[in-house]
file work.txt (compact mmCIF, C-alpha atoms)
# COMPACT_ATOMS: atom_id res chain seq x y z
CA MET M 19 -87.37 36.10 121.68
CA THR M 20 -88.17 39.77 121.56
CA GLU M 21 -84.86 41.63 121.41
CA ALA M 22 -86.46 45.10 121.58
CA LYS M 23 -88.37 44.34 124.77
CA HIS M 24 -85.55 42.40 126.36
CA PRO M 25 -82.19 43.91 125.34
CA VAL M 26 -79.06 41.94 126.17
CA ILE M 27 -77.30 43.63 129.08
CA ALA M 28 -74.46 41.12 129.45
CA GLU M 29 -73.20 38.16 127.51
CA GLU M 30 -70.45 35.66 128.10
CA PRO M 31 -69.38 32.17 127.07
CA LEU M 32 -69.60 29.23 129.46
CA ARG M 33 -66.78 26.86 128.51
CA GLY M 34 -67.17 23.12 128.82
CA GLY M 35 -66.25 22.23 132.41
CA GLN M 36 -66.82 25.73 133.75
CA MET M 37 -68.96 26.81 136.72
CA TRP M 38 -70.66 30.20 137.03
CA SER M 39 -72.97 32.16 139.27
CA ARG M 40 -74.78 35.45 139.24
CA VAL M 41 -77.73 37.10 140.94
CA LEU M 42 -80.50 37.73 138.45
CA LYS M 43 -82.59 40.67 139.56
CA ARG M 44 -86.35 40.10 139.59
CA GLY M 45 -87.57 40.36 135.99
CA GLN M 46 -84.18 39.78 134.37
CA ARG M 47 -83.76 36.77 132.12
CA LEU M 48 -80.93 34.35 131.57
CA ARG M 49 -80.83 32.77 128.12
CA LEU M 50 -78.60 29.74 127.68
CA THR M 51 -77.80 28.72 124.11
CA ASP M 52 -76.29 25.37 123.16
CA LEU M 53 -73.62 26.33 120.63
CA GLU M 54 -72.65 22.91 119.25
CA GLY M 55 -75.45 20.53 120.32
CA GLY M 56 -75.39 18.04 123.18
CA ALA M 57 -74.99 20.63 125.96
CA ALA M 58 -75.68 19.74 129.60
CA VAL M 59 -75.79 22.49 132.22
CA ALA M 60 -76.58 21.63 135.84
CA ALA M 61 -78.20 24.47 137.79
CA LEU M 62 -79.15 25.39 141.35
CA LEU M 63 -81.33 28.36 142.35
CA PHE M 64 -81.47 30.32 145.63
CA ASN M 65 -83.34 33.40 146.82
CA ALA M 66 -80.49 35.94 146.81
CA ASP M 67 -82.19 37.92 149.60
CA ASP M 68 -82.43 34.86 151.87
CA LEU M 69 -80.18 32.00 150.84
CA SER M 70 -82.03 29.54 153.09
CA GLU M 71 -84.78 29.56 150.45
CA ARG M 72 -83.87 27.42 147.45
CA TYR M 73 -85.07 25.40 144.47
CA ASN M 74 -87.22 22.48 145.53
CA MET M 75 -87.50 19.68 143.00
CA PRO M 76 -90.45 17.82 144.56
CA ASP M 77 -92.47 20.99 145.14
CA THR M 78 -91.85 22.02 141.51
CA LEU M 79 -92.93 18.65 140.14
CA LYS M 80 -95.98 18.06 142.31
CA ALA M 81 -97.36 21.60 141.93
CA GLN M 82 -97.42 21.19 138.16
CA HIS M 83 -97.88 17.40 137.90
CA ILE M 84 -94.73 17.13 135.80
CA ALA M 85 -91.61 14.97 135.75
CA ARG M 86 -89.65 17.22 133.38
CA LEU M 87 -89.24 20.97 132.76
CA THR M 88 -90.09 23.03 129.69
CA GLN M 89 -91.59 26.37 128.59
CA ASN M 90 -94.14 27.90 131.00
CA CYS M 91 -92.98 25.78 133.93
CA ALA M 92 -92.37 27.54 137.23
CA LEU M 93 -89.35 26.63 139.35
CA PHE M 94 -90.62 26.68 142.93
CA SER M 95 -88.70 27.28 146.15
CA ASP M 96 -89.37 25.44 149.39
CA MET M 97 -91.38 28.50 150.52
CA GLY M 98 -94.16 28.31 147.93
CA ARG M 99 -92.61 31.08 145.85
CA ILE M 100 -91.27 31.00 142.31
CA LEU M 101 -87.53 31.53 141.85
CA CYS M 102 -87.63 31.51 138.04
CA SER M 103 -90.04 30.62 135.30
CA ILE M 104 -89.11 29.15 131.94
CA THR M 105 -90.18 31.80 129.44
CA ALA M 106 -88.73 30.24 126.31
CA ASP M 107 -87.47 26.78 125.41
CA SER M 108 -86.63 25.26 122.03
CA VAL M 109 -85.61 21.93 123.59
CA GLY M 110 -88.81 20.60 125.19
CA TRP M 111 -87.39 18.49 128.03
CA HIS M 112 -85.02 19.42 130.82
CA ASP M 113 -84.34 16.84 133.52
CA THR M 114 -84.53 17.56 137.24
CA VAL M 115 -84.71 14.11 138.81
CA THR M 116 -81.35 12.46 138.10
CA GLY M 117 -78.87 14.71 139.89
CA HIS M 118 -75.27 15.31 138.96
CA SER M 119 -71.82 13.78 138.59
CA SER M 120 -69.23 13.45 141.33
CA LYS M 121 -65.46 13.08 141.16
CA ARG M 122 -65.91 9.30 141.38
CA HIS M 123 -68.26 9.24 138.34
CA VAL M 124 -65.94 11.32 136.20
CA GLN M 125 -62.75 9.46 137.13
CA THR M 126 -64.35 6.03 136.66
CA LYS M 127 -65.78 6.93 133.28
CA TYR M 128 -63.18 9.22 131.75
CA GLY M 129 -59.95 8.71 133.71
CA SER M 130 -58.12 11.07 136.02
CA GLY M 131 -57.83 14.08 133.68
CA SER M 132 -55.72 15.95 136.21
CA TYR M 133 -54.96 19.63 136.24
CA GLN M 134 -51.23 18.79 136.30
CA GLN M 135 -51.63 17.05 132.97
CA LEU M 136 -54.37 19.06 131.23
CA ARG M 137 -54.20 22.50 132.85
CA ASN M 138 -57.58 24.21 132.49
CA ASP M 139 -59.01 21.47 130.34
CA PHE M 140 -58.90 19.12 133.35
CA TYR M 141 -61.90 16.90 134.03
CA ARG M 142 -64.17 18.83 136.34
CA ASN M 143 -67.25 17.23 137.90
CA THR M 144 -70.56 18.85 138.77
CA ARG M 145 -70.51 18.26 142.53
CA ASP M 146 -67.07 19.77 143.02
CA ASN M 147 -67.98 22.70 140.75
CA PHE M 148 -71.15 23.34 142.75
CA LEU M 149 -69.22 23.16 146.04
CA VAL M 150 -66.70 25.73 144.78
CA GLU M 151 -69.34 28.12 143.50
CA LEU M 152 -71.61 27.68 146.56
CA GLY M 153 -68.59 28.32 148.79
CA LYS M 154 -68.39 31.86 147.42
CA TYR M 155 -71.71 32.53 149.14
CA GLU M 156 -70.73 30.57 152.29
CA LEU M 157 -73.00 27.71 151.25
CA GLY M 158 -71.86 24.09 151.24
CA LYS M 159 -72.75 20.41 151.07
CA ARG M 160 -75.92 20.76 153.11
CA ASP M 161 -77.20 23.31 150.58
CA LEU M 162 -76.67 20.99 147.63
CA GLY M 163 -79.92 19.23 146.71
CA PRO M 164 -81.63 18.03 143.53
CA ASN M 165 -80.65 20.28 140.62
CA LEU M 166 -81.88 21.17 137.15
CA ASN M 167 -80.15 19.48 134.20
CA LEU M 168 -80.74 21.99 131.43
CA PHE M 169 -80.67 20.54 127.88
CA VAL M 170 -80.71 16.97 129.27
CA LYS M 171 -83.48 14.43 128.65
CA ILE M 172 -83.69 11.28 130.72
CA ALA M 173 -86.71 9.37 129.43
CA ILE M 174 -88.82 7.42 131.93
CA ASP M 175 -90.83 4.44 130.70
CA ASP M 176 -94.06 2.99 132.12
CA ALA M 177 -92.09 0.78 134.51
CA GLY M 178 -90.07 3.76 135.75
CA ASN M 179 -86.87 2.79 133.92
CA LEU M 180 -84.53 5.63 132.89
CA SER M 181 -82.72 6.14 129.59
CA PHE M 182 -80.48 8.92 128.30
CA VAL M 183 -81.87 10.44 125.09
CA PRO M 184 -79.85 12.77 122.81
CA ASN M 185 -81.80 15.99 123.16
CA SER M 186 -80.39 19.42 122.41
CA LYS M 187 -79.15 20.60 119.00
CA ALA M 188 -76.80 23.42 118.02
CA GLY M 189 -78.71 26.69 118.45
CA ASP M 190 -81.20 25.33 120.97
CA PHE M 191 -81.90 27.65 123.88
CA VAL M 192 -83.75 27.92 127.17
CA GLU M 193 -84.62 31.13 128.99
CA LEU M 194 -85.21 31.60 132.72
CA ARG M 195 -86.94 34.72 134.04
CA ALA M 196 -86.16 35.58 137.67
CA GLU M 197 -89.31 36.02 139.78
CA LEU M 198 -87.33 36.56 143.00
CA ASN M 199 -83.86 38.11 143.09
CA THR M 200 -82.36 34.76 142.26
CA LEU M 201 -78.85 33.42 142.70
CA VAL M 202 -78.24 31.09 139.76
CA VAL M 203 -75.38 28.60 140.08
CA LEU M 204 -74.34 26.69 136.94
CA SER M 205 -71.95 23.86 136.17
CA ASN M 206 -71.30 22.98 132.53
CA THR M 207 -70.23 19.39 133.09
CA PRO M 208 -71.32 16.05 131.61
CA HIS M 209 -74.45 14.38 132.93
CA PRO M 210 -73.56 11.10 134.67
CA LEU M 211 -75.86 9.09 132.36
CA ASP M 212 -74.33 10.54 129.17
CA PRO M 213 -72.91 7.45 127.39
CA ALA M 214 -70.15 9.42 125.61
CA ALA M 215 -66.80 7.71 126.22
CA VAL M 216 -64.75 10.91 126.00
CA TYR M 217 -64.89 13.84 128.41
CA ALA M 218 -66.07 16.69 126.17
CA PRO M 219 -68.58 19.10 127.77
CA LYS M 220 -69.97 21.49 125.14
CA PRO M 221 -69.74 25.30 125.15
CA VAL M 222 -72.84 27.32 125.97
CA ASN M 223 -73.53 31.02 125.52
CA LEU M 224 -75.02 32.93 128.44
CA ALA M 225 -76.99 36.13 127.85
CA ILE M 226 -78.57 38.28 130.55
CA LEU M 227 -81.63 40.12 129.23
CA ALA M 228 -83.34 43.11 130.77
CA GLY M 229 -86.97 42.63 131.64
CA THR M 230 -89.82 43.08 134.07
CA PRO M 231 -91.69 40.64 136.34
CA ALA M 232 -94.49 38.49 134.94
CA PRO M 233 -97.51 40.54 133.81
CA SER M 234 -101.06 39.54 134.78
CA ASP M 235 -101.57 37.68 131.49
CA ASP M 236 -98.24 35.86 131.58
CA PRO M 237 -98.49 32.30 130.21
CA CYS M 238 -96.38 30.85 133.07
CA ARG M 239 -98.93 32.29 135.49
CA LEU M 240 -102.03 31.23 133.59
CA VAL M 241 -100.96 27.71 132.66
CA ARG M 242 -102.30 26.27 135.94
CA PRO M 243 -103.94 27.58 139.14
CA GLU M 244 -101.00 26.31 141.20
CA ASN M 245 -98.68 28.62 139.27
CA ALA M 246 -101.10 31.54 139.72
CA ARG M 247 -100.95 30.95 143.49
CA GLY M 248 -97.15 30.68 143.35
CA PHE M 249 -96.98 34.06 141.59
CA ALA M 250 -99.43 35.53 144.13
CA LEU M 251 -97.21 34.35 147.01
CA THR M 252 -94.13 35.72 145.23
CA GLU M 253 -95.75 39.11 144.69
CA ALA M 254 -96.94 39.22 148.31
CA TYR M 255 -93.29 38.80 149.38
CA PHE M 256 -92.37 42.05 147.60
CA ALA M 257 -95.54 43.95 148.62
CA MET X 11 -90.50 -6.48 143.56
CA LEU X 12 -92.71 -8.16 146.14
CA VAL X 13 -90.63 -9.97 148.74
CA GLU X 14 -91.84 -11.09 152.15
CA SER X 15 -89.72 -11.05 155.28
CA LYS X 16 -89.07 -14.05 157.51
CA LEU X 17 -88.62 -11.91 160.60
CA ASP X 18 -90.99 -12.41 163.52
CA PRO X 19 -92.32 -9.26 165.23
CA GLN X 20 -92.06 -11.15 168.54
CA SER X 21 -88.26 -11.01 168.24
CA ALA X 22 -88.05 -7.28 167.42
CA ILE X 23 -85.96 -5.16 169.80
CA PHE X 24 -88.09 -2.09 169.08
CA ASP X 25 -91.80 -1.94 168.28
CA GLN X 26 -93.80 1.29 168.29
CA VAL X 27 -96.96 2.64 166.69
CA LEU X 28 -96.62 6.17 165.26
CA GLU X 29 -99.81 8.14 164.83
CA ALA X 30 -100.41 10.29 161.76
CA GLY X 31 -99.15 13.82 162.29
CA LEU X 32 -96.25 12.78 164.53
CA GLY X 33 -92.50 12.72 163.94
CA PHE X 34 -89.96 10.05 164.78
CA THR X 35 -86.19 9.81 164.84
CA HIS X 36 -84.05 6.84 165.73
CA THR X 37 -80.49 5.70 165.12
CA LEU X 38 -79.95 2.31 163.51
CA GLU X 39 -76.77 0.29 164.00
CA PRO X 40 -75.10 -1.36 161.00
CA GLY X 41 -76.93 -4.60 160.15
CA GLN X 42 -80.13 -3.76 162.02
CA ILE X 43 -83.38 -4.28 160.14
CA PHE X 44 -86.01 -1.53 160.14
CA ARG X 45 -89.60 -2.28 159.13
CA ILE X 46 -92.42 0.21 158.49
CA VAL X 47 -95.92 -1.32 158.48
CA ASP X 48 -98.81 0.50 156.80
CA LEU X 49 -101.39 -0.57 159.41
CA GLU X 50 -104.56 0.66 157.73
CA GLY X 51 -103.38 1.06 154.12
CA ASN X 52 -102.49 3.91 151.76
CA GLN X 53 -100.65 5.99 154.33
CA ALA X 54 -97.69 8.11 153.19
CA VAL X 55 -94.62 7.82 155.43
CA ASP X 56 -92.30 10.72 154.63
CA THR X 57 -88.80 9.52 155.44
CA LEU X 58 -85.23 10.85 155.36
CA PHE X 59 -82.03 9.01 156.21
CA TYR X 60 -78.70 10.43 157.34
CA ASN X 61 -75.26 9.01 158.03
CA ALA X 62 -75.59 9.18 161.82
CA LYS X 63 -71.89 10.11 162.21
CA ASP X 64 -72.07 12.95 159.66
CA PRO X 65 -75.58 14.17 158.75
CA SER X 66 -74.24 16.20 155.81
CA ASP X 67 -73.87 12.78 154.18
CA ARG X 68 -77.58 12.13 153.67
CA TYR X 69 -80.21 10.43 151.55
CA SER X 70 -80.08 11.53 147.93
CA ALA X 71 -83.19 10.85 145.87
CA ALA X 72 -81.38 11.80 142.65
CA ASP X 73 -78.40 9.48 143.24
CA THR X 74 -80.65 6.61 144.36
CA ILE X 75 -82.85 6.93 141.26
CA ARG X 76 -80.04 7.41 138.77
CA GLU X 77 -77.74 4.66 139.98
CA GLN X 78 -80.52 2.04 139.94
CA GLY X 79 -81.89 3.38 136.63
CA ASN X 80 -85.47 3.57 137.89
CA VAL X 81 -87.62 6.22 139.60
CA TYR X 82 -89.43 3.85 141.99
CA LEU X 83 -88.01 2.25 145.12
CA SER X 84 -88.60 -1.42 146.01
CA THR X 85 -86.81 -4.59 147.11
CA GLY X 86 -83.15 -4.41 146.11
CA THR X 87 -82.99 -0.62 146.03
CA ARG X 88 -79.80 0.68 147.57
CA ILE X 89 -80.60 3.87 149.47
CA LEU X 90 -77.68 6.07 148.42
CA SER X 91 -76.30 9.14 150.11
CA SER X 92 -75.16 12.44 148.64
CA GLU X 93 -71.55 11.21 149.06
CA GLY X 94 -72.28 8.03 147.11
CA ASN X 95 -72.44 5.72 150.14
CA THR X 96 -75.07 3.01 150.62
CA LEU X 97 -77.00 3.94 153.76
CA LEU X 98 -79.53 1.09 153.65
CA THR X 99 -80.85 -1.61 151.33
CA ILE X 100 -84.54 -2.46 150.90
CA VAL X 101 -84.65 -6.18 151.74
CA ALA X 102 -88.40 -6.84 151.78
CA ASP X 103 -91.43 -5.04 150.35
CA THR X 104 -95.04 -6.24 150.23
CA CYS X 105 -96.34 -2.97 148.70
CA GLY X 106 -94.41 -3.05 145.40
CA ARG X 107 -93.10 0.43 144.92
CA HIS X 108 -92.50 3.66 146.76
CA ASP X 109 -92.22 7.29 145.64
CA THR X 110 -89.26 9.62 145.99
CA LEU X 111 -90.28 12.46 143.64
CA GLY X 112 -93.30 13.87 145.50
CA GLY X 113 -91.40 15.25 148.49
CA ALA X 114 -92.94 16.39 151.75
CA CYS X 115 -95.96 18.58 152.23
CA ALA X 116 -95.35 22.00 153.77
CA ALA X 117 -97.60 24.88 154.80
CA GLU X 118 -96.28 26.86 151.83
CA SER X 119 -96.55 24.11 149.21
CA ASN X 120 -100.07 23.35 150.46
CA GLN X 121 -100.95 26.97 149.64
CA VAL X 122 -99.63 26.49 146.12
CA ARG X 123 -101.20 23.09 145.53
CA TYR X 124 -104.60 23.51 147.15
CA ALA X 125 -105.53 27.08 148.18
CA LEU X 126 -103.91 30.14 149.78
CA GLU X 127 -106.16 29.54 152.81
CA LYS X 128 -104.55 26.14 153.58
CA ARG X 129 -101.54 27.60 155.39
CA PHE X 130 -102.87 26.64 158.84
CA MET X 131 -102.88 22.92 158.13
CA HIS X 132 -100.37 20.57 159.74
CA SER X 133 -97.64 19.36 157.39
CA CYS X 134 -94.66 17.03 157.12
CA ARG X 135 -92.12 19.82 156.93
CA ASP X 136 -93.39 21.22 160.24
CA THR X 137 -92.94 17.76 161.75
CA PHE X 138 -89.45 17.39 160.25
CA LEU X 139 -88.37 20.79 161.60
CA LEU X 140 -89.66 20.09 165.09
CA THR X 141 -88.20 16.58 165.20
CA LEU X 142 -84.80 17.80 163.96
CA SER X 143 -84.72 20.38 166.73
CA SER X 144 -84.39 17.49 169.21
CA CYS X 145 -81.31 16.02 167.48
CA THR X 146 -77.85 16.32 169.00
CA HIS X 147 -76.33 17.45 165.72
CA ASP X 148 -77.25 21.00 164.75
CA MET X 149 -79.78 20.12 162.05
CA THR X 150 -82.01 22.69 160.37
CA LYS X 151 -84.06 23.30 157.23
CA ARG X 152 -80.87 22.90 155.16
CA ASP X 153 -80.85 19.24 156.14
CA ILE X 154 -84.35 18.57 154.85
CA THR X 155 -83.70 17.30 151.35
CA ALA X 156 -86.02 15.48 148.92
CA ASN X 157 -87.44 12.54 150.88
CA ILE X 158 -88.92 9.09 150.33
CA ASN X 159 -92.69 8.61 150.58
CA PHE X 160 -93.10 4.99 151.59
CA PHE X 161 -96.39 3.47 150.37
CA MET X 162 -97.24 6.53 148.21
CA ASN X 163 -98.17 5.99 144.57
CA VAL X 164 -96.94 8.76 142.26
CA PRO X 165 -96.70 7.30 138.74
CA VAL X 166 -94.62 9.06 136.10
CA THR X 167 -95.77 8.82 132.48
CA PRO X 168 -93.44 8.53 129.46
CA ALA X 169 -94.75 11.97 128.37
CA GLY X 170 -93.23 13.46 131.52
CA LYS X 171 -96.38 13.86 133.61
CA LEU X 172 -96.58 13.13 137.31
CA THR X 173 -99.86 11.74 138.61
CA PHE X 174 -101.08 11.27 142.15
CA GLU X 175 -103.10 8.10 142.35
CA ASP X 176 -104.96 6.02 144.85
CA GLY X 177 -102.47 4.04 146.84
CA ILE X 178 -101.34 0.58 145.85
CA SER X 179 -100.73 -0.24 149.48
CA ALA X 180 -103.21 -2.03 151.76
CA PRO X 181 -103.60 -2.76 155.48
CA GLY X 182 -100.59 -4.64 156.84
CA ARG X 183 -98.26 -4.10 153.90
CA TYR X 184 -94.71 -3.27 154.88
CA VAL X 185 -91.27 -2.31 153.68
CA GLU X 186 -88.09 -3.49 155.38
CA LEU X 187 -84.60 -2.00 155.16
CA ARG X 188 -81.20 -3.18 156.38
CA ALA X 189 -78.90 -0.46 157.70
CA GLU X 190 -75.51 -0.67 155.98
CA THR X 191 -73.90 1.87 158.28
CA TRP X 192 -74.89 3.98 161.30
CA VAL X 193 -78.11 5.61 160.09
CA ARG X 194 -80.35 8.25 161.57
CA VAL X 195 -83.97 7.75 160.50
CA LEU X 196 -86.27 10.79 160.36
CA ILE X 197 -89.98 10.20 159.75
CA SER X 198 -93.06 12.36 159.46
CA ASN X 199 -96.18 10.22 159.39
CA CYS X 200 -97.98 12.41 156.89
CA PRO X 201 -100.97 14.49 158.11
CA GLN X 202 -102.09 15.55 154.59
CA LEU X 203 -105.88 15.92 154.30
CA ASN X 204 -106.00 17.25 150.73
CA ASN X 205 -104.47 14.40 148.73
CA PRO X 206 -106.21 11.30 147.35
CA CYS X 207 -103.02 9.24 147.91
CA ASN X 208 -104.09 8.43 151.47
CA GLY X 209 -107.85 8.52 150.84
CA TYR X 210 -107.95 11.85 152.74
CA ASN X 211 -107.49 9.80 155.89
CA PRO X 212 -104.05 9.82 157.56
CA THR X 213 -103.55 6.69 159.70
CA PRO X 214 -100.96 5.20 162.10
CA VAL X 215 -97.98 3.10 161.09
CA ARG X 216 -95.96 0.54 163.08
CA LEU X 217 -92.17 0.77 163.29
CA LEU X 218 -90.03 -2.23 164.23
CA VAL X 219 -86.29 -2.86 164.57
CA TRP X 220 -84.50 -6.20 164.66
CA ALA X 221 -80.93 -6.74 165.83
CA ALA X 222 -78.22 -7.41 163.25
CA ALA X 223 -78.05 -11.06 162.19
CA GLY X 224 -75.43 -13.29 163.79

call {"tool": "encode", "arguments": {"input": "work.txt", "output": "structure tokens"}}
result
Amino acid sequence: MTEAKHPVIAEEPLRGGQMWSRVLKRGQRLRLTDLEGGAAVAALLFNADDLSERYNMPDTLKAQHIARLTQNCALFSDMGRILCSITADSVGWHDTVTGHSSKRHVQTKYGSGSYQQLRNDFYRNTRDNFLVELGKYELGKRDLGPNLNLFVKIAIDDAGNLSFVPNSKAGDFVELRAELNTLVVLSNTPHPLDPAAVYAPKPVNLAILAGTPAPSDDPCRLVRPENARGFALTEAYFA
Amino acid sequence: MLVESKLDPQSAIFDQVLEAGLGFTHTLEPGQIFRIVDLEGNQAVDTLFYNAKDPSDRYSAADTIREQGNVYLSTGTRILSSEGNTLLTIVADTCGRHDTLGGACAAESNQVRYALEKRFMHSCRDTFLLTLSSCTHDMTKRDITANINFFMNVPVTPAGKLTFEDGISAPGRYVELRAETWVRVLISNCPQLNNPCNGYNPTPVRLLVWAAAG
């Protein structure tokens, strides 16, 4: 993290249960910091200049031959362009294959947790949070596909079996650099495979950092030829 | 899990061969059985399913994977929708496992994966878009979510790598699904010429439907 090169231009807390969205301008960075350990932030990405273009899980995985996300990974859209790249990561594994919770998951696991009873500590679920935040951009259910699960590790064994692994510690962070003007939609809600018996999503700090698009020697670009072509297509879009 | 079907193709109410590079859509009634046969082996059959009454309730790779606790699809897999409904169940499978992480090829992803000059090549997303344009519901790119690749072998390693391997399918292997509700099937029989999964040789598949039992 180079504070001088990338000064913080905005900073705010993301409470447990809260959703959030913002357009990151091309080159800006979003740094998420797990304040207490055990954070789980679900994320969706869209091209803010054309919301029909969005994060594509399979294209991201197959371009880079990966089944998890970490530093120097590119997050591809369905149009061969890169929405964001992961410029820093102290965690090492972020899931993108196991989706998000619904109202049914949360109620079955944790109980009703109604607003009437708990006011703003009520039990929010990821799907409903996404639908609310997407609705602000006139997007809806049909725009809700496979998401990122930042700070979450779901291990996959040789037979393909999944297991939840405690992953992120207090102070861990991950940083996304916008390569398009990117609408980032977040929901800070428990992952459905988290075995915790109590509903207790952890607080996360969000910092927006100033910055510039990826230089020619950027590690995210150079890590594989597929990424170099993704950056070339992204740059051609702005040419 | 390898499970053979007892159904006789002679009694199928629908039986069609779909060439590589073509699209297909069909509505299944609850209880009907749908079989896809890999006629020549190692073909990838890119497939999406929708609740035929409300296509916004559609196949969800993430929900299907997570709720069964495994990334591969085979006999017993419940094909779940984005609303948590079971659209279909895999009731027979002579291939062994099927991918749902690799998605569909597209002109743009071909440029990323293979070369910027590959944009002209035919792709599954083109087929999906054209086939959706014939549907009565207003279905567009928004409705093309992460799909199933029947017969495609995309192993995941414990270190988090994704590998594209020679197929584990062979001529005549099939997968069979029972519709649990009204289901729209959308298929692109993959035209990909750059991927070892199909031996660089896209081939036809056979699609059959049997009436609901009893």

call {"tool": "interface_residues", "arguments": {"input": "work.txt", "of": "chain X", "to": "chain M", "cutoff": "10 Å", "atoms": "all atoms listed in the file", "output": "compact mmCIF listing (two decimals) with C-alpha atoms, in the frame of the given file"}}
result
# COMPACT_ATOMS: atom_id res chain seq x y z
CA PRO X 65 -75.58 14.17 158.75
CA SER X 66 -74.24 16.20 155.81
CA ASP X 67 -73.87 12.78 154.18
CA ARG X 68 -77.58 12.13 153.67
CA SER X 70 -80.08 11.53 147.93
CA ALA X 71 -83.19 10.85 145.87
CA ALA X 72 -81.38 11.80 142.65
CA ASP X 73 -78.40 9.48 143.24
CA THR X 74 -80.65 6.61 144.36
CA ILE X 75 -82.85 6.93 141.26
CA ARG X 76 -80.04 7.41 138.77
CA GLU X 77 -77.74 4.66 139.98
CA GLN X 78 -80.52 2.04 139.94
CA GLY X 79 -81.89 3.38 136.63
CA ASN X 80 -85.47 3.57 137.89
CA VAL X 81 -87.62 6.22 139.60
CA TYR X 82 -89.43 3.85 141.99
CA LEU X 83 -88.01 2.25 145.12
CA SER X 92 -75.16 12.44 148.64
CA GLU X 93 -71.55 11.21 149.06
CA GLY X 94 -72.28 8.03 147.11
CA THR X 110 -89.26 9.62 145.99
CA LEU X 111 -90.28 12.46 143.64
CA GLY X 112 -93.30 13.87 145.50
CA GLY X 113 -91.40 15.25 148.49
CA ALA X 114 -92.94 16.39 151.75
CA CYS X 115 -95.96 18.58 152.23
CA ALA X 116 -95.35 22.00 153.77
CA ALA X 117 -97.60 24.88 154.80
CA GLU X 118 -96.28 26.86 151.83
CA SER X 119 -96.55 24.11 149.21
CA ASN X 120 -100.07 23.35 150.46
CA GLN X 121 -100.95 26.97 149.64
CA VAL X 122 -99.63 26.49 146.12
CA ARG X 123 -101.20 23.09 145.53
CA TYR X 124 -104.60 23.51 147.15
CA ALA X 125 -105.53 27.08 148.18
CA LEU X 126 -103.91 30.14 149.78
CA ARG X 135 -92.12 19.82 156.93
CA MET X 149 -79.78 20.12 162.05
CA THR X 150 -82.01 22.69 160.37
CA LYS X 151 -84.06 23.30 157.23
CA ARG X 152 -80.87 22.90 155.16
CA ASP X 153 -80.85 19.24 156.14
CA ILE X 154 -84.35 18.57 154.85
CA THR X 155 -83.70 17.30 151.35
CA ALA X 156 -86.02 15.48 148.92
CA ASN X 157 -87.44 12.54 150.88
CA VAL X 164 -96.94 8.76 142.26
CA PRO X 165 -96.70 7.30 138.74
CA VAL X 166 -94.62 9.06 136.10
CA THR X 167 -95.77 8.82 132.48
CA PRO X 168 -93.44 8.53 129.46
CA ALA X 169 -94.75 11.97 128.37
CA GLY X 170 -93.23 13.46 131.52
CA LYS X 171 -96.38 13.86 133.61
CA LEU X 172 -96.58 13.13 137.31
CA THR X 173 -99.86 11.74 138.61
CA PHE X 174 -101.08 11.27 142.15

call {"tool": "residues_around", "arguments": {"input": "work.txt", "residues": "M:Lys43", "least_positions_apart": "6", "cutoff": "7 Å", "atoms": "only C-alpha atoms", "output": "list in words"}}
result
Ala196, Asn199 and Thr200 of chain M

call {"tool": "atom_distance", "arguments": {"input": "work.txt", "atom1": "atom CA of X:Pro19", "atom2": "atom CA of X:Gly177"}}
result
24.9 Å

call {"tool": "residues_around", "arguments": {"input": "work.txt", "residues": "X:Met162", "least_positions_apart": "3", "cutoff": "8 Å", "atoms": "only C-alpha atoms", "output": "mmCIF file with C-alpha atoms, in the coordinates of the input"}}
result
data_model
loop_
_atom_site.group_PDB
_atom_site.id
_atom_site.type_symbol
_atom_site.label_atom_id
_atom_site.label_comp_id
_atom_site.auth_asym_id
_atom_site.auth_seq_id
_atom_site.Cartn_x
_atom_site.Cartn_y
_atom_site.Cartn_z
ATOM 1 C CA ASN X 52 -102.490 3.910 151.760
ATOM 2 C CA GLN X 53 -100.650 5.990 154.330
ATOM 3 C CA ALA X 54 -97.690 8.110 153.190
ATOM 4 C CA VAL X 55 -94.620 7.820 155.430
ATOM 5 C CA HIS X 108 -92.500 3.660 146.760
ATOM 6 C CA ASP X 109 -92.220 7.290 145.640
ATOM 7 C CA ASN X 159 -92.690 8.610 150.580
ATOM 8 C CA GLY X 177 -102.470 4.040 146.840
ATOM 9 C CA ILE X 178 -101.340 0.580 145.850
ATOM 10 C CA SER X 179 -100.730 -0.240 149.480
ATOM 11 C CA CYS X 207 -103.020 9.240 147.910
ATOM 12 C CA ASN X 208 -104.090 8.430 151.470
#
